[in-house]
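> There's a structure below that I have some questions on.
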Amino acid sequence: MIDCHVHLETGPYTLSWVREYVRIAQQRGLSEIYLLEHCYLFPEFLPMYAPVRSQSDFIDAWLNRKGGKRNFAEYLRLVDEVRAIQWPVQIRFGLEVCYFPGYESFMTGLTRDAGLDFLVGSVHFIDHFAFDHKPELWRGVDVDWAYRRFFELSICLASCGVYDGLAHPDSLKLFGHHPSFSLEPFYEKLAAALAQSGMYAEQSSGIARRSGARLGMEPALLQAMLRRGVRVQTASDAHRPEDVGLQISKLEQITRGYMA
Ligand SMILES: [Zn+2]
Ligand SMILES: [Zn+2]
């Protein structure tokens with residue numbers, strides 16, 4: 001079993017911090033973990049956020065609190081240290097990169113020679129709407145617009161050719177909002193774009209853990225992915241060692257159910 005989305009961010013960049021994650025991964029029967037960080041933790045990536053922060057006081061304040069707090073070179077040093085050791089579970093290192101159209105080459109310029117194993121792309125912002133931060137931000141937002149735009153951005157992300165995977169593909173359901181129209185045409189386009197780019201899609205427990213939304217992808221989205229041959233990988237979106245592997249076996253079971 002694999003957990004392809006595990007954040008290190010609450011601890012130091014040390015081998016003993018990585019060991020905490022590996023210990024829980026072993027306890028939960030995982031064979032592989034993908035360790036990563038949010039790109040906004042590193043100052044190098046903050047220019048990508050300039051357009052959205054200039055249009056949203058909320059995002060600007062959030063980035064002033066959270067952005068640029070960690071050292072990218074130190075993170076990459078930890079990657080080298082970890083790779084020099086034999087571990088009981090396979091470990092990959094990468095980044096969770098917020099998707100902003102137009103910043104693809106800026107982002108690859110920072111990551112091309114970093115020696116990371118993967119980049120997973122996330123739509124965390126619909127233009128300057130930080131939809132997954134708190135429910136109050138949805139007040140006055142046109143839900144149909146948000147869904148259309150979210151999937152348009154996801155399809156661009158999947159088509160742009162710089163990411164290895166797509167994180168939490170329908171995270172927009174987090175606070176219980178649903179569109180008035182069928183999402184199936186978007187699901188088909190997204191699955192086709194992922195298949196074309198050879199990307200994986202996450203079957204994640206993170207959104208359900210935060211909000212009580214349905215565990216993993218909506219069935220029609222998952223089915224579209226599987227029909228097109230998209231690799232579906234289980235993910236916890238853990239932000240601390242004790243959450244590694246949470247509900248991974250349940251997610252696997254759900255996915256297998258639709259493959260049969
Ligand atoms: Zn995310
Ligand atoms: Zn994440």
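Labeling convention for the structure tokens: chains A, B, ... as they appear, residues from 1 per chain, ligands from 1 in order of appearance.
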As an MDAnalysis selection string, which residues of range 112-154 of chain A does DSSP assign to strand (DSSP E or B)?
chainID A and resid 118:122 126 129
> Among range 88-217 of chain A, which ones does DSSP place in alpha helix (DSSP H), written as a ChimeraX atom specification?
/A:104-111,143-159,184-197,206-211
> Got a sec: who's within 8 Å of range 161-176 of chain A, counting only C-alpha atoms, leaving out chain neighbours fewer than 6 positions off, as a PyMOL selection string?
chain A and resi 96+104+108+118-123+131-132+135+147+150+154+197-204+206-208+210-213+216-218
> Tell me, counting only C-alpha atoms and all ligand atoms, for each residue of chain A within 8 Å of ligand 2, which pair of atoms is nearest and how far apart they are in Å to one decimal, in rows ordered by chain and increasing number, as a Markdown table.

| residue | atom | partner | partner_atom_place_in_ligand_line | distance |
| --- | --- | --- | --- | --- |
| A:His5 | CA | ligand 2 | 1 (Zn) | 6.3 |
| A:Val6 | CA | ligand 2 | 1 (Zn) | 6.9 |
| A:His7 | CA | ligand 2 | 1 (Zn) | 6.4 |
| A:Glu37 | CA | ligand 2 | 1 (Zn) | 7.6 |
| A:His38 | CA | ligand 2 | 1 (Zn) | 6.8 |
| A:Glu96 | CA | ligand 2 | 1 (Zn) | 6.3 |
| A:Ala167 | CA | ligand 2 | 1 (Zn) | 7.4 |
| A:Gly206 | CA | ligand 2 | 1 (Zn) | 8.0 |
| A:Asp237 | CA | ligand 2 | 1 (Zn) | 4.8 |
| A:Ala238 | CA | ligand 2 | 1 (Zn) | 7.2 |
| A:His239 | CA | ligand 2 | 1 (Zn) | 7.5 |
> Rank A:Gln196, A:Thr111, A:Ser159, A:Ser182 by their smallest atom-to-atom distance to Asp144 in chain A, using only C-alpha atoms, and report the top residue only.
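Ranking A:Gln196, A:Thr111, A:Ser159, A:Ser182 by distance to Asp144 in chain A, first place goes to A:Ser182.
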> Please report the interatomic distance between CA of Arg70 in chain A and CA of Leu8 in chain A in Å with one decimal.
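Taking CA of Arg70 in chain A and CA of Leu8 in chain A, their separation equals 11.2 Å.
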